[in-house]
>>> print(open('upload-v6.pdb').read())   # PDB, C-alpha atoms
MODEL        1
ATOM      1  CA  MET A   1     126.356 281.102   6.856
ATOM      2  CA  LYS A   2     122.982 281.853   8.446
ATOM      3  CA  GLN A   3     119.948 279.677   8.967
ATOM      4  CA  ALA A   4     116.759 280.275   7.053
ATOM      5  CA  ILE A   5     113.613 278.527   8.252
ATOM      6  CA  LEU A   6     110.860 277.833   5.767
ATOM      7  CA  VAL A   7     107.453 277.399   7.330
ATOM      8  CA  ARG A   8     104.794 275.547   5.404
ATOM      9  CA  GLY A   9     101.168 276.034   6.384
ATOM     10  CA  THR A  10      98.246 274.009   5.108
ATOM     11  CA  ARG A  11      95.789 276.791   4.361
ATOM     12  CA  ASN A  12      92.770 274.542   3.870
ATOM     13  CA  SER A  13      93.430 272.428   6.947
ATOM     14  CA  VAL A  14      91.218 272.991   9.966
ATOM     15  CA  LEU A  15      94.225 272.717  12.287
ATOM     16  CA  ARG A  16      96.595 274.559   9.923
ATOM     17  CA  VAL A  17      99.576 272.609  11.216
ATOM     18  CA  ALA A  18     102.917 274.242  10.354
ATOM     19  CA  ALA A  19     105.944 272.112   9.468
ATOM     20  CA  PHE A  20     109.442 273.595   9.646
ATOM     21  CA  VAL A  21     112.227 272.943   7.152
ATOM     22  CA  VAL A  22     115.697 274.319   7.873
ATOM     23  CA  VAL A  23     117.990 275.289   4.985
ATOM     24  CA  MET A  24     121.319 277.097   4.906
ATOM     25  CA  ALA A  25     121.715 280.583   3.462
ATOM     26  CA  LEU A  26     124.969 281.025   1.557
ATOM     27  CA  SER A  27     126.375 284.450   0.802
ATOM     28  CA  VAL A  28     125.476 283.973  -2.848
ATOM     29  CA  GLY A  29     121.832 283.966  -1.782
ATOM     30  CA  ALA A  30     121.915 287.706  -1.205
ATOM     31  CA  THR A  31     121.046 290.052  -4.023
ATOM     32  CA  PRO A  32     123.906 292.139  -5.464
ATOM     33  CA  ASN A  33     122.657 295.371  -3.894
ATOM     34  CA  SER A  34     122.048 293.939  -0.428
ATOM     35  CA  VAL A  35     123.607 295.613   2.599
ATOM     36  CA  GLY A  36     123.598 294.879   6.296
ATOM     37  CA  PRO A  37     122.565 291.317   7.206
ATOM     38  CA  ARG A  38     122.978 288.864   4.353
ATOM     39  CA  PHE A  39     119.876 286.799   3.774
ATOM     40  CA  ALA A  40     119.085 283.800   1.634
ATOM     41  CA  ARG A  41     116.657 284.456  -1.181
ATOM     42  CA  TRP A  42     113.290 285.434   0.231
ATOM     43  CA  ILE A  43     110.077 283.738  -0.820
ATOM     44  CA  ASP A  44     108.831 285.965  -3.648
ATOM     45  CA  GLY A  45     105.710 284.393  -5.151
ATOM     46  CA  THR A  46     107.526 282.928  -8.147
ATOM     47  CA  THR A  47     107.119 279.241  -7.219
ATOM     48  CA  SER A  48     103.888 277.347  -6.670
ATOM     49  CA  THR A  49     105.353 275.374  -3.735
ATOM     50  CA  GLU A  50     106.306 278.463  -1.768
ATOM     51  CA  PRO A  51     105.552 278.202   1.980
ATOM     52  CA  GLU A  52     103.251 280.689   3.694
ATOM     53  CA  THR A  53     106.038 282.143   5.818
ATOM     54  CA  GLN A  54     109.809 282.204   5.863
ATOM     55  CA  VAL A  55     112.017 282.925   8.859
ATOM     56  CA  GLN A  56     115.626 284.046   8.677
ATOM     57  CA  ARG A  57     118.014 284.747  11.527
ATOM     58  CA  ILE A  58     119.916 288.004  11.999
ATOM     59  CA  ASP A  59     121.586 286.672  15.138
ATOM     60  CA  ASP A  60     120.678 284.260  17.928
ATOM     61  CA  ASP A  61     118.146 286.727  19.385
ATOM     62  CA  SER A  62     116.840 288.490  16.250
ATOM     63  CA  PHE A  63     114.592 287.036  13.559
ATOM     64  CA  VAL A  64     112.830 288.189  10.392
ATOM     65  CA  ILE A  65     109.547 286.618   9.307
ATOM     66  CA  ARG A  66     108.243 287.166   5.796
ATOM     67  CA  GLN A  67     104.663 286.505   4.781
ATOM     68  CA  SER A  68     104.270 285.055   1.308
ATOM     69  CA  VAL A  69     102.872 287.279  -1.428
ATOM     70  CA  ARG A  70     100.678 284.296  -2.240
ATOM     71  CA  THR A  71      98.802 284.819   1.034
ATOM     72  CA  ASN A  72      98.615 288.614   0.679
ATOM     73  CA  PHE A  73     100.058 290.884  -2.018
ATOM     74  CA  GLU A  74     101.619 293.117   0.660
ATOM     75  CA  ALA A  75     104.080 290.316   1.553
ATOM     76  CA  PRO A  76     105.125 292.097   4.768
ATOM     77  CA  PHE A  77     108.193 291.513   6.905
ATOM     78  CA  LEU A  78     107.789 291.063  10.670
ATOM     79  CA  TYR A  79     110.588 291.266  13.222
ATOM     80  CA  LEU A  80     110.983 289.291  16.452
ATOM     81  CA  LEU A  81     113.628 290.544  18.900
ATOM     82  CA  PHE A  82     114.507 288.761  22.168
ATOM     83  CA  GLY A  83     115.900 290.097  25.413
ATOM     84  CA  THR A  84     116.293 288.146  28.630
ATOM     85  CA  ASP A  85     112.773 289.012  29.857
ATOM     86  CA  ARG A  86     110.671 289.986  26.854
ATOM     87  CA  ALA A  87     110.401 289.436  23.123
ATOM     88  CA  LEU A  88     109.138 292.203  20.845
ATOM     89  CA  LEU A  89     107.170 291.277  17.726
ATOM     90  CA  ILE A  90     107.039 294.234  15.364
ATOM     91  CA  ASP A  91     103.792 293.812  13.358
ATOM     92  CA  SER A  92     101.511 290.783  13.150
ATOM     93  CA  GLY A  93     101.034 290.382   9.412
ATOM     94  CA  ALA A  94      98.536 291.184   6.689
ATOM     95  CA  GLY A  95      96.066 288.346   7.126
ATOM     96  CA  GLY A  96      95.339 285.516   4.708
ATOM     97  CA  LEU A  97      97.070 283.024   7.005
ATOM     98  CA  LYS A  98      97.617 282.188  10.657
ATOM     99  CA  ILE A  99     100.798 283.934  11.753
ATOM    100  CA  ARG A 100     100.891 282.826  15.390
ATOM    101  CA  PRO A 101     102.127 279.244  14.731
ATOM    102  CA  THR A 102     105.253 280.651  13.081
ATOM    103  CA  VAL A 103     105.872 283.113  15.903
ATOM    104  CA  ASP A 104     105.221 280.478  18.565
ATOM    105  CA  ARG A 105     107.664 278.066  16.945
ATOM    106  CA  VAL A 106     110.456 280.651  16.817
ATOM    107  CA  ILE A 107     109.800 281.460  20.486
ATOM    108  CA  ALA A 108     109.745 277.775  21.427
ATOM    109  CA  ASP A 109     113.042 277.164  19.648
ATOM    110  CA  TRP A 110     114.593 280.190  21.373
ATOM    111  CA  ARG A 111     113.370 279.005  24.786
ATOM    112  CA  THR A 112     114.761 275.529  24.154
ATOM    113  CA  ARG A 113     118.173 277.075  23.576
ATOM    114  CA  HIS A 114     117.795 279.092  26.801
ATOM    115  CA  ARG A 115     116.800 276.317  29.242
ATOM    116  CA  ASN A 116     113.089 277.058  28.776
ATOM    117  CA  ARG A 117     113.433 280.580  30.116
ATOM    118  CA  PRO A 118     109.971 282.194  30.439
ATOM    119  CA  ILE A 119     109.569 285.125  28.067
ATOM    120  CA  GLN A 120     106.812 287.703  27.766
ATOM    121  CA  LEU A 121     105.714 288.512  24.233
ATOM    122  CA  ILE A 122     104.977 292.111  23.302
ATOM    123  CA  VAL A 123     103.082 292.541  20.032
ATOM    124  CA  ALA A 124     103.673 296.088  18.780
ATOM    125  CA  HIS A 125     103.383 297.689  15.368
ATOM    126  CA  SER A 126     105.347 299.893  13.024
ATOM    127  CA  HIS A 127     101.990 301.629  12.450
ATOM    128  CA  SER A 128      98.265 300.972  12.382
ATOM    129  CA  HIS A 129      97.543 300.129   8.731
ATOM    130  CA  GLY A 130      95.713 296.826   8.406
ATOM    131  CA  ASP A 131      98.515 294.908   6.725
ATOM    132  CA  HIS A 132     100.570 295.324   9.914
ATOM    133  CA  HIS A 133      98.093 294.264  12.608
ATOM    134  CA  ALA A 134      95.772 291.742  10.935
ATOM    135  CA  GLY A 135      97.139 288.964  13.137
ATOM    136  CA  ASP A 136      96.614 290.742  16.455
ATOM    137  CA  ASP A 137      93.535 288.727  17.426
ATOM    138  CA  GLU A 138      95.579 285.515  17.327
ATOM    139  CA  PHE A 139      97.641 286.803  20.257
ATOM    140  CA  ARG A 140      95.004 288.385  22.504
ATOM    141  CA  GLU A 141      94.311 285.192  24.460
ATOM    142  CA  ARG A 142      97.929 283.996  24.378
ATOM    143  CA  SER A 143      99.382 283.692  27.876
ATOM    144  CA  ASN A 144     102.130 286.089  28.988
ATOM    145  CA  THR A 145     101.425 288.350  26.010
ATOM    146  CA  GLU A 146     100.535 292.017  25.609
ATOM    147  CA  VAL A 147      99.232 293.619  22.414
ATOM    148  CA  VAL A 148     100.040 297.326  22.131
ATOM    149  CA  GLY A 149      97.273 299.668  20.953
ATOM    150  CA  LEU A 150      97.244 301.309  17.550
ATOM    151  CA  GLN A 151      96.630 304.968  18.344
ATOM    152  CA  PRO A 152      99.521 307.452  18.801
ATOM    153  CA  GLN A 153      98.608 308.067  22.444
ATOM    154  CA  GLN A 154      98.577 304.319  23.158
ATOM    155  CA  VAL A 155     101.940 303.819  21.478
ATOM    156  CA  ALA A 156     103.416 306.809  23.302
ATOM    157  CA  ALA A 157     102.090 305.604  26.658
ATOM    158  CA  PHE A 158     103.391 302.064  26.242
ATOM    159  CA  PHE A 159     106.895 303.134  25.223
ATOM    160  CA  GLY A 160     107.073 306.035  27.676
ATOM    161  CA  ILE A 161     107.216 308.811  25.056
ATOM    162  CA  ARG A 162     106.002 311.893  26.913
ATOM    163  CA  ASP A 163     106.416 314.388  24.063
ATOM    164  CA  TRP A 164     105.022 312.712  20.951
ATOM    165  CA  PRO A 165     106.424 312.841  18.303
ATOM    166  CA  ASN A 166     109.465 314.858  19.349
ATOM    167  CA  ALA A 167     110.936 312.657  22.087
ATOM    168  CA  ILE A 168     112.644 309.289  21.678
ATOM    169  CA  GLY A 169     111.345 306.363  23.737
ATOM    170  CA  ARG A 170     113.427 303.561  25.229
ATOM    171  CA  TYR A 171     112.167 300.053  25.893
ATOM    172  CA  ASP A 172     114.123 297.367  27.728
ATOM    173  CA  LEU A 173     113.612 293.753  26.670
ATOM    174  CA  GLY A 174     115.999 292.656  29.422
ATOM    175  CA  HIS A 175     119.672 293.453  28.787
ATOM    176  CA  ARG A 176     118.633 294.787  25.393
ATOM    177  CA  VAL A 177     117.373 298.359  25.219
ATOM    178  CA  LEU A 178     115.612 299.534  22.061
ATOM    179  CA  ASP A 179     115.117 303.139  20.977
ATOM    180  CA  ILE A 180     111.622 304.005  19.727
ATOM    181  CA  VAL A 181     111.651 306.859  17.193
ATOM    182  CA  PRO A 182     108.252 308.435  16.411
ATOM    183  CA  THR A 183     107.972 308.920  12.653
ATOM    184  CA  PRO A 184     104.379 309.925  11.811
ATOM    185  CA  GLY A 185     103.438 311.052   8.326
ATOM    186  CA  HIS A 186     102.799 307.852   6.438
ATOM    187  CA  GLU A 187     100.410 307.158   9.335
ATOM    188  CA  PRO A 188      99.928 309.062  12.628
ATOM    189  CA  ALA A 189     101.186 306.297  14.952
ATOM    190  CA  HIS A 190     104.208 305.269  12.856
ATOM    191  CA  ILE A 191     107.416 304.433  14.710
ATOM    192  CA  MET A 192     110.865 303.111  13.887
ATOM    193  CA  VAL A 193     112.737 300.820  16.265
ATOM    194  CA  TYR A 194     116.516 301.107  16.667
ATOM    195  CA  ASP A 195     118.511 298.224  18.110
ATOM    196  CA  ALA A 196     121.964 299.246  19.329
ATOM    197  CA  ARG A 197     123.067 295.600  19.542
ATOM    198  CA  THR A 198     122.706 294.959  15.820
ATOM    199  CA  ARG A 199     122.908 298.646  14.792
ATOM    200  CA  LEU A 200     119.740 298.120  12.743
ATOM    201  CA  ILE A 201     116.723 300.384  12.319
ATOM    202  CA  PHE A 202     113.443 298.563  11.765
ATOM    203  CA  SER A 203     111.877 301.235   9.592
ATOM    204  CA  GLY A 204     108.333 300.079   8.833
ATOM    205  CA  ASP A 205     106.653 301.788   5.889
ATOM    206  CA  MET A 206     108.490 305.095   6.097
ATOM    207  CA  LEU A 207     111.711 303.917   4.461
ATOM    208  CA  TYR A 208     112.042 300.620   2.623
ATOM    209  CA  PRO A 209     112.747 299.438  -0.948
ATOM    210  CA  GLY A 210     109.406 300.510  -2.349
ATOM    211  CA  ARG A 211     106.749 303.181  -2.634
ATOM    212  CA  LEU A 212     106.789 305.445   0.403
ATOM    213  CA  TYR A 213     103.144 306.482   0.470
ATOM    214  CA  VAL A 214     102.524 309.890   2.032
ATOM    215  CA  PRO A 215      99.090 311.565   2.185
ATOM    216  CA  ARG A 216      99.607 315.031   0.717
ATOM    217  CA  ASP A 217      97.963 316.691   3.700
ATOM    218  CA  ARG A 218     100.552 315.018   5.960
ATOM    219  CA  PHE A 219     103.626 315.714   3.865
ATOM    220  CA  ASP A 220     104.925 318.330   6.303
ATOM    221  CA  VAL A 221     104.598 315.787   9.130
ATOM    222  CA  PHE A 222     106.451 313.201   7.035
ATOM    223  CA  ARG A 223     109.172 315.746   6.269
ATOM    224  CA  ALA A 224     109.583 316.538   9.963
ATOM    225  CA  SER A 225     109.923 312.806  10.683
ATOM    226  CA  ALA A 226     112.643 312.535   8.035
ATOM    227  CA  VAL A 227     114.517 315.339   9.799
ATOM    228  CA  ARG A 228     114.018 313.625  13.186
ATOM    229  CA  LEU A 229     115.272 310.328  11.797
ATOM    230  CA  ALA A 230     118.345 311.970  10.253
ATOM    231  CA  GLY A 231     119.128 313.693  13.539
ATOM    232  CA  PHE A 232     118.823 310.401  15.416
ATOM    233  CA  ALA A 233     121.118 308.622  12.936
ATOM    234  CA  LYS A 234     123.820 311.267  13.417
ATOM    235  CA  THR A 235     124.195 310.221  17.059
ATOM    236  CA  HIS A 236     123.661 306.463  16.714
ATOM    237  CA  PRO A 237     125.692 304.053  14.562
ATOM    238  CA  VAL A 238     123.446 302.552  11.877
ATOM    239  CA  ARG A 239     124.422 299.431   9.951
ATOM    240  CA  ALA A 240     121.292 299.258   7.785
ATOM    241  CA  LEU A 241     117.528 299.782   7.710
ATOM    242  CA  LEU A 242     115.105 296.866   7.468
ATOM    243  CA  GLY A 243     111.617 297.874   6.362
ATOM    244  CA  ALA A 244     108.229 296.225   6.178
ATOM    245  CA  HIS A 245     108.001 295.466   2.442
ATOM    246  CA  ILE A 246     109.931 295.111  -0.795
ATOM    247  CA  GLU A 247     108.339 296.724  -3.863
ATOM    248  CA  MET A 248     111.458 297.533  -5.876
ATOM    249  CA  THR A 249     113.225 295.338  -8.405
ATOM    250  CA  THR A 250     116.978 295.011  -8.816
ATOM    251  CA  THR A 251     116.709 297.623 -11.611
ATOM    252  CA  PRO A 252     117.360 301.003  -9.938
ATOM    253  CA  GLY A 253     114.185 303.079  -9.633
ATOM    254  CA  LYS A 254     111.893 300.359 -10.995
ATOM    255  CA  ASP A 255     109.066 299.019  -8.857
ATOM    256  CA  TYR A 256     106.635 296.157  -9.368
ATOM    257  CA  PRO A 257     103.075 296.827 -10.506
ATOM    258  CA  MET A 258     100.755 297.476  -7.585
ATOM    259  CA  GLU A 259      99.391 294.263  -6.054
ATOM    260  CA  ALA A 260     101.851 292.186  -8.095
ATOM    261  CA  ALA A 261     101.377 288.449  -7.601
ATOM    262  CA  GLY A 262     105.114 287.745  -7.735
ATOM    263  CA  HIS A 263     108.398 289.552  -7.215
ATOM    264  CA  PRO A 264     111.013 288.144  -9.600
ATOM    265  CA  SER A 265     114.437 289.851  -9.387
ATOM    266  CA  GLU A 266     113.599 291.453  -6.075
ATOM    267  CA  HIS A 267     115.598 294.254  -4.459
ATOM    268  CA  GLY A 268     117.405 293.338  -1.239
ATOM    269  CA  LEU A 269     115.543 293.889   2.018
ATOM    270  CA  ALA A 270     118.138 296.130   3.657
ATOM    271  CA  LEU A 271     118.769 299.773   2.798
ATOM    272  CA  PRO A 272     122.088 301.505   3.561
ATOM    273  CA  PRO A 273     122.310 304.319   6.138
ATOM    274  CA  SER A 274     122.805 306.765   3.257
ATOM    275  CA  ALA A 275     119.105 306.265   2.424
ATOM    276  CA  ILE A 276     118.263 308.324   5.522
ATOM    277  CA  ASP A 277     120.024 311.422   4.202
ATOM    278  CA  GLU A 278     118.628 310.786   0.741
ATOM    279  CA  LEU A 279     115.084 310.738   2.110
ATOM    280  CA  GLU A 280     115.664 313.877   4.179
ATOM    281  CA  LYS A 281     116.976 315.704   1.117
ATOM    282  CA  ALA A 282     114.123 314.442  -1.073
ATOM    283  CA  THR A 283     111.464 315.685   1.337
ATOM    284  CA  ALA A 284     113.237 319.015   1.841
ATOM    285  CA  GLU A 285     113.367 319.627  -1.916
ATOM    286  CA  ALA A 286     109.846 318.332  -2.684
ATOM    287  CA  LYS A 287     107.556 320.626  -4.635
ATOM    288  CA  SER A 288     104.255 321.861  -3.269
ATOM    289  CA  PRO A 289     102.083 319.949  -3.844
ATOM    290  CA  ALA A 290     104.516 317.048  -3.667
ATOM    291  CA  GLU A 291     104.982 314.841  -6.720
ATOM    292  CA  ILE A 292     106.131 311.254  -7.227
ATOM    293  CA  ASP A 293     109.914 311.248  -6.809
ATOM    294  CA  ARG A 294     111.863 308.176  -7.934
ATOM    295  CA  HIS A 295     115.195 307.204  -6.412
ATOM    296  CA  PRO A 296     117.278 304.085  -7.100
ATOM    297  CA  ASP A 297     116.126 302.295  -3.929
ATOM    298  CA  PHE A 298     112.777 303.909  -3.067
ATOM    299  CA  ILE A 299     110.027 306.158  -4.413
ATOM    300  CA  VAL A 300     108.511 309.041  -2.485
ATOM    301  CA  TYR A 301     104.869 308.541  -3.417
ATOM    302  CA  PRO A 302     102.409 311.292  -2.396
ATOM    303  CA  VAL A 303      98.750 310.234  -2.456
ATOM    304  CA  ALA A 304      95.427 311.972  -1.991
ATOM    305  CA  PRO A 305      94.204 312.164   1.622
ATOM    306  CA  LYS A 306      91.659 309.550   2.604
ATOM    307  CA  PRO A 307      88.100 310.901   2.975
ATOM    308  CA  ALA A 308      87.072 311.626   6.545
TER     309      ALA A 308
ENDMDL
END
>>> encode(input="upload-v6.pdb", output="structure tokens")
Amino acid sequence: MKQAILVRGTRNSVLRVAAFVVVMALSVGATPNSVGPRFARWIDGTTSTEPETQVQRIDDDSFVIRQSVRTNFEAPFLYLLFGTDRALLIDSGAGGLKIRPTVDRVIADWRTRHRNRPIQLIVAHSHSHGDHHAGDDEFRERSNTEVVGLQPQQVAAFFGIRDWPNAIGRYDLGHRVLDIVPTPGHEPAHIMVYDARTRLIFSGDMLYPGRLYVPRDRFDVFRASAVRLAGFAKTHPVRALLGAHIEMTTTPGKDYPMEAAGHPSEHGLALPPSAIDELEKATAEAKSPAEIDRHPDFIVYPVAPKPA
């Protein structure tokens, strides 16, 4: 069994005090097609009493935070990984709520279990789209905290990637080294984070159970990132991929309407390692110009380039 922490926020309160309720996640809570970590049912917008955030534990040093679709239709997933010296928060949410109280509580609970060990917080991002950094301002004045920039050169500099996007970065949280894989295409600064301890890839918006949006003028860049990811996976054991959203239902190939207010019968969060090869093959075989390409667990979704 794993712990799931439901975090209730009072959106209309001036202080927005968060209360924490702990429940237990039984194996039956996972959807039939789930792989990798087994989670309790995620908040999905289908109940009026749903809390603003939900936290579930992968292990004692790894946590997943989901933002309710009722606060923002993107309903993103954030990841908080602890080493002995630093904690890495991957993404800061889509706005519509205060995310810092949830993050601070998880950190406080972790520190309590580690004799109040001081820990630096690093706020980084899977990429620079607004639904992944809307909470950054909440952390800028937080003590012992650094917020990583959003541009490719800033990301490369922070993680020590000298040859962007071809080289792999490494970042040490303290007895826990993460691999940083540049994966531009969906967005120029996109990265994936690989954790050898859990054998998980935190895959952002490039590969998750949903619509993988790719500007048509960046499809070649996206394709190259799929090749880079597949090459990385061939030399690193991968248990599963955990992305930034869920937009697929439990019906293979079927997604929710865009900006859906609820996600009944939601696909599991995790994707199997085989999804990496499937994405590489899909991009290699894509027509020119690329067309919408449905797969059981994701949809390659080319879109028009944004105006300059």
>>> atom_distance(input="upload-v6.pdb", atom1="CA of Thr53 (chain A)", atom2="CA of Ser68 (chain A)")
5.7 Å
>>> atom_distance(input="upload-v6.pdb", atom1="CA of Leu81 (chain A)", atom2="CA of Gly95 (chain A)")
21.3 Å
>>> atom_distance(input="upload-v6.pdb", atom1="CA of Val148 (chain A)", atom2="CA of Ala230 (chain A)")
26.3 Å
>>> closest_atom_pairs(input="upload-v6.pdb", of="region 199-271 of chain A", to="region 175-178 of chain A", cutoff="12 Å", atoms="only C-alpha atoms", output="CSV")
residue,atom,partner,partner_atom,distance
A:Arg199,CA,A:Leu178,CA,10.3
A:Leu200,CA,A:Leu178,CA,10.3
A:Ile201,CA,A:Leu178,CA,9.8
A:Phe202,CA,A:Leu178,CA,10.6
A:His236,CA,A:Leu178,CA,11.9
>>> closest_residue(input="upload-v6.pdb", among="A:Asn166, A:Met206, A:Ile58, A:His245", to="Gly36 (chain A)", atoms="all atoms listed in the file")
A:Ile58
>>> decode(input="upload-v6.pdb", residues="region 88-103 of chain A", atoms="N, CA, C and O atoms", output="short mmCIF file (atom, residue, chain, number, x, y, z; two decimals), in the first residue's frame")
data_model
loop_
_atom_site.label_atom_id
_atom_site.label_comp_id
_atom_site.auth_asym_id
_atom_site.auth_seq_id
_atom_site.Cartn_x
_atom_site.Cartn_y
_atom_site.Cartn_z
N LEU A 88 14.28 18.65 -6.00
CA LEU A 88 13.94 19.17 -7.31
C LEU A 88 12.44 19.13 -7.50
O LEU A 88 11.83 18.05 -7.44
N LEU A 89 11.84 20.29 -7.74
CA LEU A 89 10.42 20.38 -8.12
C LEU A 89 10.38 20.55 -9.63
O LEU A 89 10.91 21.53 -10.16
N ILE A 90 9.78 19.59 -10.31
CA ILE A 90 9.63 19.67 -11.76
C ILE A 90 8.27 20.27 -12.06
O ILE A 90 7.23 19.63 -11.87
N ASP A 91 8.25 21.53 -12.46
CA ASP A 91 7.08 22.34 -12.79
C ASP A 91 6.43 22.93 -11.54
O ASP A 91 6.56 22.38 -10.44
N SER A 92 5.74 24.05 -11.73
CA SER A 92 5.13 24.74 -10.59
C SER A 92 3.63 24.99 -10.79
O SER A 92 3.05 25.81 -10.10
N GLY A 93 3.02 24.25 -11.73
CA GLY A 93 1.58 24.31 -11.85
C GLY A 93 1.07 25.28 -12.90
O GLY A 93 1.83 26.02 -13.53
N ALA A 94 -0.25 25.25 -13.06
CA ALA A 94 -0.92 25.98 -14.14
C ALA A 94 -1.65 27.22 -13.66
O ALA A 94 -2.33 27.89 -14.45
N GLY A 95 -1.53 27.55 -12.39
CA GLY A 95 -2.26 28.70 -11.88
C GLY A 95 -3.67 28.32 -11.48
O GLY A 95 -4.12 27.19 -11.63
N GLY A 96 -4.41 29.30 -10.95
CA GLY A 96 -5.76 29.04 -10.47
C GLY A 96 -5.81 28.60 -9.02
O GLY A 96 -6.89 28.33 -8.49
N LEU A 97 -4.64 28.51 -8.40
CA LEU A 97 -4.52 28.14 -6.99
C LEU A 97 -3.14 28.55 -6.51
O LEU A 97 -2.28 28.94 -7.30
N LYS A 98 -2.92 28.43 -5.21
CA LYS A 98 -1.59 28.59 -4.64
C LYS A 98 -0.97 27.21 -4.50
O LYS A 98 -1.50 26.36 -3.77
N ILE A 99 0.13 26.97 -5.20
CA ILE A 99 0.75 25.65 -5.17
C ILE A 99 1.79 25.52 -4.07
O ILE A 99 2.06 24.42 -3.58
N ARG A 100 2.37 26.64 -3.64
CA ARG A 100 3.46 26.55 -2.67
C ARG A 100 3.07 25.89 -1.35
O ARG A 100 3.87 25.12 -0.79
N PRO A 101 1.87 26.15 -0.79
CA PRO A 101 1.54 25.49 0.48
C PRO A 101 1.62 23.97 0.40
O PRO A 101 2.06 23.32 1.35
N THR A 102 1.21 23.40 -0.72
CA THR A 102 1.30 21.95 -0.88
C THR A 102 2.75 21.50 -0.92
O THR A 102 3.16 20.55 -0.25
N VAL A 103 3.56 22.19 -1.71
CA VAL A 103 4.98 21.85 -1.81
C VAL A 103 5.66 22.01 -0.47
O VAL A 103 6.42 21.12 -0.02
#
